[in-house]
>>> print(open('entry_36.txt').read())   # compact mmCIF, N, CA, C and O atoms
# COMPACT_ATOMS: atom_id res chain seq x y z
N LEU A 1 3.68 77.11 82.88
CA LEU A 1 4.25 77.59 81.65
C LEU A 1 4.54 76.41 80.73
O LEU A 1 5.05 75.40 81.16
N ALA A 2 4.24 76.58 79.49
CA ALA A 2 4.54 75.55 78.51
C ALA A 2 5.77 75.98 77.71
O ALA A 2 5.89 77.13 77.31
N ALA A 3 6.67 75.06 77.54
CA ALA A 3 7.86 75.34 76.74
C ALA A 3 7.62 74.85 75.32
O ALA A 3 7.13 73.75 75.12
N LYS A 4 7.92 75.69 74.40
CA LYS A 4 7.76 75.31 73.00
C LYS A 4 9.04 74.63 72.53
O LYS A 4 10.12 75.18 72.66
N ALA A 5 8.89 73.43 72.01
CA ALA A 5 10.05 72.70 71.50
C ALA A 5 10.53 73.35 70.21
O ALA A 5 9.71 73.70 69.36
N ARG A 6 11.80 73.51 70.10
CA ARG A 6 12.37 74.06 68.87
C ARG A 6 12.53 72.95 67.85
O ARG A 6 12.85 71.83 68.18
N SER A 7 12.33 73.30 66.63
CA SER A 7 12.58 72.34 65.57
C SER A 7 13.61 72.93 64.63
O SER A 7 13.91 74.13 64.69
N ALA A 8 14.13 72.10 63.79
CA ALA A 8 15.14 72.55 62.85
C ALA A 8 14.86 71.91 61.51
O ALA A 8 14.29 70.83 61.43
N ALA A 9 15.26 72.58 60.47
CA ALA A 9 15.12 72.05 59.12
C ALA A 9 16.34 72.51 58.32
O ALA A 9 16.91 73.56 58.60
N ALA A 10 16.69 71.72 57.35
CA ALA A 10 17.78 72.09 56.45
C ALA A 10 17.27 71.99 55.03
O ALA A 10 16.41 71.17 54.71
N ILE A 11 17.80 72.85 54.18
CA ILE A 11 17.43 72.85 52.77
C ILE A 11 18.70 72.58 51.98
O ILE A 11 19.73 73.24 52.18
N VAL A 12 18.61 71.60 51.09
CA VAL A 12 19.69 71.30 50.15
C VAL A 12 19.10 71.53 48.77
O VAL A 12 18.01 71.04 48.47
N GLY A 13 19.78 72.28 47.94
CA GLY A 13 19.24 72.55 46.62
C GLY A 13 20.29 73.07 45.67
O GLY A 13 21.48 73.10 45.97
N TYR A 14 19.79 73.50 44.52
CA TYR A 14 20.64 74.03 43.45
C TYR A 14 20.00 75.33 42.96
O TYR A 14 18.78 75.39 42.79
N THR A 15 20.81 76.35 42.73
CA THR A 15 20.27 77.66 42.39
C THR A 15 20.16 77.93 40.89
O THR A 15 19.52 78.91 40.51
N GLN A 16 20.78 77.13 40.06
CA GLN A 16 20.67 77.37 38.62
C GLN A 16 19.20 77.29 38.21
O GLN A 16 18.46 76.42 38.65
N SER A 17 18.78 78.20 37.33
CA SER A 17 17.36 78.27 36.93
C SER A 17 16.88 76.99 36.26
O SER A 17 15.71 76.65 36.34
N TYR A 18 17.76 76.24 35.65
CA TYR A 18 17.38 75.02 34.94
C TYR A 18 17.53 73.75 35.79
O TYR A 18 17.31 72.64 35.31
N ALA A 19 17.90 73.90 37.05
CA ALA A 19 18.17 72.75 37.91
C ALA A 19 16.97 71.80 38.01
O ALA A 19 17.13 70.58 37.91
N ILE A 20 15.79 72.33 38.20
CA ILE A 20 14.61 71.47 38.36
C ILE A 20 14.33 70.69 37.07
O ILE A 20 13.99 69.51 37.11
N HIS A 21 14.53 71.33 35.94
CA HIS A 21 14.30 70.65 34.65
C HIS A 21 15.29 69.50 34.48
O HIS A 21 14.89 68.39 34.10
N VAL A 22 16.55 69.74 34.75
CA VAL A 22 17.56 68.69 34.62
C VAL A 22 17.29 67.57 35.63
O VAL A 22 17.39 66.39 35.30
N HIS A 23 16.91 67.94 36.84
CA HIS A 23 16.63 66.95 37.89
C HIS A 23 15.46 66.05 37.51
O HIS A 23 15.50 64.83 37.73
N GLU A 24 14.42 66.62 36.96
CA GLU A 24 13.18 65.87 36.70
C GLU A 24 13.15 65.15 35.36
O GLU A 24 12.38 64.20 35.19
N ASN A 25 13.97 65.55 34.40
CA ASN A 25 13.89 64.98 33.05
C ASN A 25 14.69 63.68 32.95
O ASN A 25 15.90 63.69 32.71
N LYS A 26 14.00 62.56 33.09
CA LYS A 26 14.66 61.26 33.01
C LYS A 26 14.83 60.77 31.58
O LYS A 26 15.42 59.73 31.34
N GLU A 27 14.34 61.53 30.62
CA GLU A 27 14.45 61.15 29.22
C GLU A 27 15.82 61.47 28.63
O GLU A 27 16.19 60.94 27.59
N VAL A 28 16.57 62.35 29.27
CA VAL A 28 17.87 62.78 28.75
C VAL A 28 18.96 61.90 29.35
O VAL A 28 19.00 61.65 30.55
N SER A 29 19.85 61.44 28.49
CA SER A 29 21.01 60.68 28.94
C SER A 29 22.19 61.64 29.06
O SER A 29 22.53 62.33 28.09
N HIS A 30 22.80 61.68 30.22
CA HIS A 30 23.90 62.60 30.48
C HIS A 30 25.23 61.84 30.42
O HIS A 30 25.34 60.76 31.01
N PRO A 31 26.24 62.36 29.72
CA PRO A 31 27.55 61.70 29.71
C PRO A 31 28.14 61.59 31.12
O PRO A 31 28.79 60.61 31.45
N VAL A 32 27.89 62.60 31.93
CA VAL A 32 28.32 62.60 33.33
C VAL A 32 27.11 62.99 34.16
O VAL A 32 26.49 64.01 33.91
N GLY A 33 26.75 62.16 35.13
CA GLY A 33 25.64 62.48 36.01
C GLY A 33 24.33 61.89 35.53
O GLY A 33 24.28 61.13 34.57
N GLN A 34 23.26 62.28 36.21
CA GLN A 34 21.95 61.69 35.96
C GLN A 34 20.84 62.59 36.45
O GLN A 34 21.07 63.50 37.24
N ALA A 35 19.62 62.29 35.99
CA ALA A 35 18.43 62.93 36.55
C ALA A 35 18.25 62.43 37.99
O ALA A 35 18.85 61.44 38.39
N LYS A 36 17.42 63.12 38.74
CA LYS A 36 17.14 62.75 40.14
C LYS A 36 18.42 62.74 40.98
O LYS A 36 18.57 61.95 41.91
N PHE A 37 19.35 63.62 40.63
CA PHE A 37 20.66 63.66 41.28
C PHE A 37 20.60 64.06 42.74
O PHE A 37 21.52 63.78 43.50
N LEU A 38 19.51 64.68 43.18
CA LEU A 38 19.35 65.03 44.59
C LEU A 38 18.41 64.03 45.28
O LEU A 38 18.66 63.58 46.39
N GLU A 39 17.33 63.70 44.62
CA GLU A 39 16.34 62.79 45.20
C GLU A 39 16.90 61.39 45.44
O GLU A 39 16.65 60.79 46.49
N GLU A 40 17.63 60.86 44.48
CA GLU A 40 18.12 59.50 44.62
C GLU A 40 19.06 59.31 45.81
O GLU A 40 18.89 58.38 46.59
N PRO A 41 20.07 60.18 45.99
CA PRO A 41 20.90 59.98 47.17
C PRO A 41 20.13 60.17 48.48
O PRO A 41 20.41 59.49 49.46
N PHE A 42 19.14 61.06 48.48
CA PHE A 42 18.35 61.21 49.70
C PHE A 42 17.63 59.90 50.02
O PHE A 42 17.64 59.44 51.16
N ARG A 43 17.01 59.30 49.02
CA ARG A 43 16.31 58.03 49.24
C ARG A 43 17.27 56.93 49.68
O ARG A 43 16.98 56.17 50.60
N GLN A 44 18.43 56.84 49.05
CA GLN A 44 19.39 55.79 49.37
C GLN A 44 20.06 56.00 50.72
O GLN A 44 20.40 55.04 51.39
N LEU A 45 20.26 57.25 51.10
CA LEU A 45 21.01 57.56 52.32
C LEU A 45 20.14 57.95 53.51
O LEU A 45 20.67 58.31 54.55
N HIS A 46 18.83 57.87 53.36
CA HIS A 46 17.91 58.35 54.40
C HIS A 46 18.28 57.80 55.78
O HIS A 46 18.42 58.56 56.74
N ARG A 47 18.45 56.52 55.90
CA ARG A 47 18.76 55.93 57.22
C ARG A 47 20.12 56.38 57.72
O ARG A 47 20.29 56.67 58.90
N GLN A 48 21.09 56.46 56.82
CA GLN A 48 22.42 56.92 57.22
C GLN A 48 22.37 58.38 57.68
O GLN A 48 23.00 58.74 58.67
N LEU A 49 21.62 59.20 56.98
CA LEU A 49 21.49 60.61 57.37
C LEU A 49 20.84 60.74 58.74
O LEU A 49 21.29 61.52 59.58
N MET A 50 19.80 59.95 58.98
CA MET A 50 19.14 59.97 60.29
C MET A 50 20.12 59.52 61.38
O MET A 50 20.14 60.07 62.48
N GLY A 51 20.93 58.51 61.06
CA GLY A 51 21.94 58.05 62.01
C GLY A 51 22.98 59.12 62.31
O GLY A 51 23.43 59.27 63.45
N MET A 52 23.35 59.88 61.29
CA MET A 52 24.30 60.97 61.49
C MET A 52 23.73 62.02 62.44
O MET A 52 24.45 62.54 63.31
N ILE A 53 22.46 62.31 62.27
CA ILE A 53 21.81 63.30 63.14
C ILE A 53 21.76 62.78 64.58
O ILE A 53 22.11 63.49 65.52
N ARG A 54 21.35 61.52 64.75
CA ARG A 54 21.30 60.92 66.10
C ARG A 54 22.68 60.91 66.75
O ARG A 54 22.83 61.22 67.93
N THR A 55 23.69 60.52 65.98
CA THR A 55 25.05 60.46 66.51
C THR A 55 25.53 61.85 66.96
O THR A 55 26.13 61.99 68.03
N GLY A 56 25.24 62.85 66.15
CA GLY A 56 25.63 64.21 66.52
C GLY A 56 24.98 64.64 67.82
O GLY A 56 25.65 65.21 68.70
N ILE A 57 23.71 64.36 67.97
CA ILE A 57 23.00 64.72 69.20
C ILE A 57 23.57 63.96 70.38
O ILE A 57 23.79 64.52 71.45
N ASP A 58 23.83 62.65 70.18
CA ASP A 58 24.41 61.83 71.25
C ASP A 58 25.79 62.36 71.68
O ASP A 58 26.19 62.18 72.83
N ARG A 59 26.48 63.02 70.77
CA ARG A 59 27.81 63.56 71.08
C ARG A 59 27.76 65.00 71.58
O ARG A 59 28.78 65.66 71.70
N GLY A 60 26.56 65.51 71.84
CA GLY A 60 26.41 66.83 72.44
C GLY A 60 26.18 67.97 71.48
O GLY A 60 26.13 69.13 71.89
N MET A 61 26.02 67.67 70.21
CA MET A 61 25.70 68.73 69.25
C MET A 61 24.23 69.09 69.36
O MET A 61 23.42 68.30 69.83
N THR A 62 23.91 70.28 68.90
CA THR A 62 22.50 70.66 68.84
C THR A 62 21.84 69.96 67.65
O THR A 62 22.54 69.45 66.76
N LEU A 63 20.53 69.96 67.64
CA LEU A 63 19.80 69.40 66.51
C LEU A 63 20.20 70.11 65.23
O LEU A 63 20.46 69.48 64.20
N SER A 64 20.29 71.43 65.27
CA SER A 64 20.66 72.21 64.08
C SER A 64 22.05 71.84 63.58
O SER A 64 22.27 71.69 62.37
N GLN A 65 23.01 71.70 64.47
CA GLN A 65 24.37 71.34 64.07
C GLN A 65 24.40 69.96 63.43
O GLN A 65 25.03 69.76 62.39
N SER A 66 23.71 69.02 64.04
CA SER A 66 23.67 67.65 63.54
C SER A 66 22.98 67.59 62.18
O SER A 66 23.42 66.89 61.27
N LEU A 67 21.90 68.33 62.06
CA LEU A 67 21.16 68.37 60.80
C LEU A 67 22.01 68.99 59.70
O LEU A 67 22.02 68.51 58.56
N LEU A 68 22.74 70.03 60.02
CA LEU A 68 23.59 70.69 59.03
C LEU A 68 24.67 69.74 58.52
O LEU A 68 24.95 69.68 57.31
N ILE A 69 25.27 68.98 59.39
CA ILE A 69 26.31 68.02 58.98
C ILE A 69 25.71 66.98 58.02
O ILE A 69 26.29 66.68 56.98
N ALA A 70 24.55 66.45 58.37
CA ALA A 70 23.90 65.46 57.50
C ALA A 70 23.51 66.08 56.16
O ALA A 70 23.68 65.46 55.10
N ALA A 71 23.01 67.31 56.19
CA ALA A 71 22.60 67.97 54.95
C ALA A 71 23.79 68.27 54.05
O ALA A 71 23.70 68.13 52.82
N LEU A 72 24.90 68.67 54.64
CA LEU A 72 26.10 68.90 53.84
C LEU A 72 26.61 67.61 53.21
O LEU A 72 27.10 67.60 52.08
N TYR A 73 26.47 66.51 53.92
CA TYR A 73 26.84 65.21 53.36
C TYR A 73 25.94 64.87 52.18
O TYR A 73 26.41 64.43 51.13
N LEU A 74 24.64 65.10 52.32
CA LEU A 74 23.71 64.87 51.22
C LEU A 74 24.07 65.75 50.03
O LEU A 74 24.06 65.30 48.88
N GLN A 75 24.41 67.01 50.28
CA GLN A 75 24.81 67.90 49.18
C GLN A 75 26.01 67.32 48.44
O GLN A 75 26.01 67.25 47.21
N ARG A 76 27.01 66.90 49.18
CA ARG A 76 28.21 66.36 48.55
C ARG A 76 27.90 65.12 47.72
O ARG A 76 28.38 64.98 46.59
N GLU A 77 27.07 64.25 48.25
CA GLU A 77 26.72 63.04 47.51
C GLU A 77 25.89 63.36 46.28
O GLU A 77 26.04 62.71 45.24
N SER A 78 25.01 64.35 46.37
CA SER A 78 24.20 64.71 45.20
C SER A 78 25.07 65.35 44.12
O SER A 78 24.82 65.15 42.93
N GLN A 79 26.07 66.09 44.51
CA GLN A 79 26.96 66.72 43.53
C GLN A 79 27.72 65.67 42.72
O GLN A 79 28.03 65.90 41.55
N LYS A 80 27.97 64.51 43.30
CA LYS A 80 28.63 63.43 42.57
C LYS A 80 27.76 62.91 41.42
O LYS A 80 28.28 62.42 40.43
N LEU A 81 26.45 63.01 41.57
CA LEU A 81 25.50 62.53 40.55
C LEU A 81 24.98 63.64 39.65
O LEU A 81 24.25 63.38 38.70
N CYS A 82 25.33 64.86 39.96
CA CYS A 82 24.83 66.02 39.22
C CYS A 82 25.38 66.03 37.79
O CYS A 82 26.59 65.90 37.61
N PRO A 83 24.52 66.16 36.79
CA PRO A 83 25.02 66.25 35.41
C PRO A 83 25.98 67.42 35.25
O PRO A 83 25.78 68.48 35.83
N VAL A 84 27.02 67.19 34.47
CA VAL A 84 28.04 68.21 34.27
C VAL A 84 28.18 68.53 32.79
O VAL A 84 28.42 67.65 31.98
N ASP A 85 27.96 69.76 32.46
CA ASP A 85 28.25 70.27 31.12
C ASP A 85 29.34 71.31 31.30
O ASP A 85 30.50 71.09 30.99
N THR A 86 28.97 72.42 31.88
CA THR A 86 29.95 73.47 32.16
C THR A 86 30.41 73.45 33.62
O THR A 86 31.37 74.11 33.97
N GLY A 87 29.69 72.74 34.47
CA GLY A 87 29.99 72.72 35.90
C GLY A 87 29.18 73.73 36.70
O GLY A 87 29.22 73.73 37.92
N ALA A 88 28.39 74.57 36.00
CA ALA A 88 27.63 75.61 36.69
C ALA A 88 26.54 75.02 37.58
O ALA A 88 26.31 75.51 38.69
N LEU A 89 25.88 73.96 37.12
CA LEU A 89 24.82 73.36 37.93
C LEU A 89 25.41 72.77 39.20
O LEU A 89 24.93 73.06 40.31
N ARG A 90 26.44 71.99 39.08
CA ARG A 90 27.08 71.38 40.25
C ARG A 90 27.56 72.46 41.22
O ARG A 90 27.41 72.34 42.43
N ALA A 91 28.14 73.52 40.68
CA ALA A 91 28.67 74.59 41.53
C ALA A 91 27.57 75.40 42.21
O ALA A 91 27.84 76.12 43.17
N SER A 92 26.32 75.28 41.74
CA SER A 92 25.24 76.07 42.33
C SER A 92 24.61 75.38 43.55
O SER A 92 23.66 75.91 44.13
N ALA A 93 25.13 74.24 43.94
CA ALA A 93 24.58 73.52 45.10
C ALA A 93 24.73 74.36 46.37
O ALA A 93 25.70 75.10 46.53
N PHE A 94 23.73 74.25 47.23
CA PHE A 94 23.80 74.97 48.50
C PHE A 94 23.11 74.15 49.59
O PHE A 94 22.28 73.28 49.31
N THR A 95 23.47 74.44 50.81
CA THR A 95 22.83 73.86 52.00
C THR A 95 22.69 74.99 53.00
O THR A 95 23.63 75.76 53.21
N ARG A 96 21.50 75.07 53.60
CA ARG A 96 21.31 76.08 54.64
C ARG A 96 20.30 75.57 55.65
O ARG A 96 19.44 74.76 55.35
N LEU A 97 20.44 76.06 56.86
CA LEU A 97 19.44 75.78 57.89
C LEU A 97 18.26 76.70 57.67
O LEU A 97 18.41 77.84 57.24
N ASP A 98 17.08 76.21 57.97
CA ASP A 98 15.85 76.99 57.83
C ASP A 98 15.20 77.11 59.20
O ASP A 98 14.84 76.11 59.80
N ASP A 99 15.07 78.33 59.67
CA ASP A 99 14.47 78.54 60.99
C ASP A 99 12.95 78.67 60.94
O ASP A 99 12.31 78.94 61.94
N GLY A 100 12.36 78.50 59.77
CA GLY A 100 10.91 78.51 59.65
C GLY A 100 10.30 79.87 59.50
O GLY A 100 9.08 80.02 59.51
N ARG A 101 11.08 80.89 59.38
CA ARG A 101 10.54 82.25 59.24
C ARG A 101 10.24 82.58 57.83
O ARG A 101 10.72 82.19 56.87
>>> encode(input="entry_36.txt", output="structure tokens")
Amino acid sequence: LAAKARSAAAIVGYTQSYAIHVHENKEVSHPVGQAKFLEEPFRQLHRQLMGMIRTGIDRGMTLSQSLLIAALYLQRESQKLCPVDTGALRASAFTRLDDGR
């Protein structure tokens, strides 16, 4: 019998319809926040996020639990860079586990 290894994925994003436009438009200067508010922290924190996942697993957490903790940290860090006008974009941030279905 072959055992299928389980994998896990997490999604961090923003639900406002204009989120992708604000994220991608580097031509606009924001009084608070910046473009690439999700991508930049992911790039800067990639190694730290991977370390968080490894540490969680080493401490007996499941891969999904460890991934969720790291993803929630990424969400929080991205919200710090999220442009703020009314606060709706920042408030639309979400993190969820994806089981691949």
>>> atom_distance(input="entry_36.txt", atom1="atom O of Thr95 of chain A", atom2="atom O of Ile11 of chain A")
4.8 Å
>>> closest_residue(input="entry_36.txt", among="A:Ser92, A:Glu39, A:Ile20, A:Asp98", to="Leu67 of chain A", atoms="only C-alpha atoms")
A:Asp98
>>> select_by_dssp(input="entry_36.txt", residues="chain A", states="alpha helix (DSSP H)", output="ChimeraX atom specification")
/A:19-24,39-58,63-81,88-91
>>> closest_residue(input="entry_36.txt", among="A:Leu81, A:Ala9, A:Ile57, A:Gln75", to="Phe94 of chain A", atoms="all atoms listed in the file")
A:Gln75
>>> atom_distance(input="entry_36.txt", atom1="atom N of Ala70 of chain A", atom2="atom O of Gln44 of chain A")
14.0 Å
>>> residues_near_point(input="entry_36.txt", point="(19.0, 63.1, 34.6)", cutoff="7 Å", atoms="all atoms listed in the file", output="JSON, numbers by chain")
{"A": [21, 22, 23, 24, 25, 26, 27, 28, 29, 30, 33, 34, 35, 36, 37, 81, 83]}
>>> closest_residue(input="entry_36.txt", among="A:Leu49, A:Leu68, A:Pro31, A:Ala19", to="Val84 of chain A", atoms="only C-alpha atoms")
A:Pro31
>>> closest_residue(input="entry_36.txt", among="A:Val12, A:Ser7, A:Gly87, A:Thr62", to="Leu38 of chain A", atoms="only N, CA, C and O atoms")
A:Val12
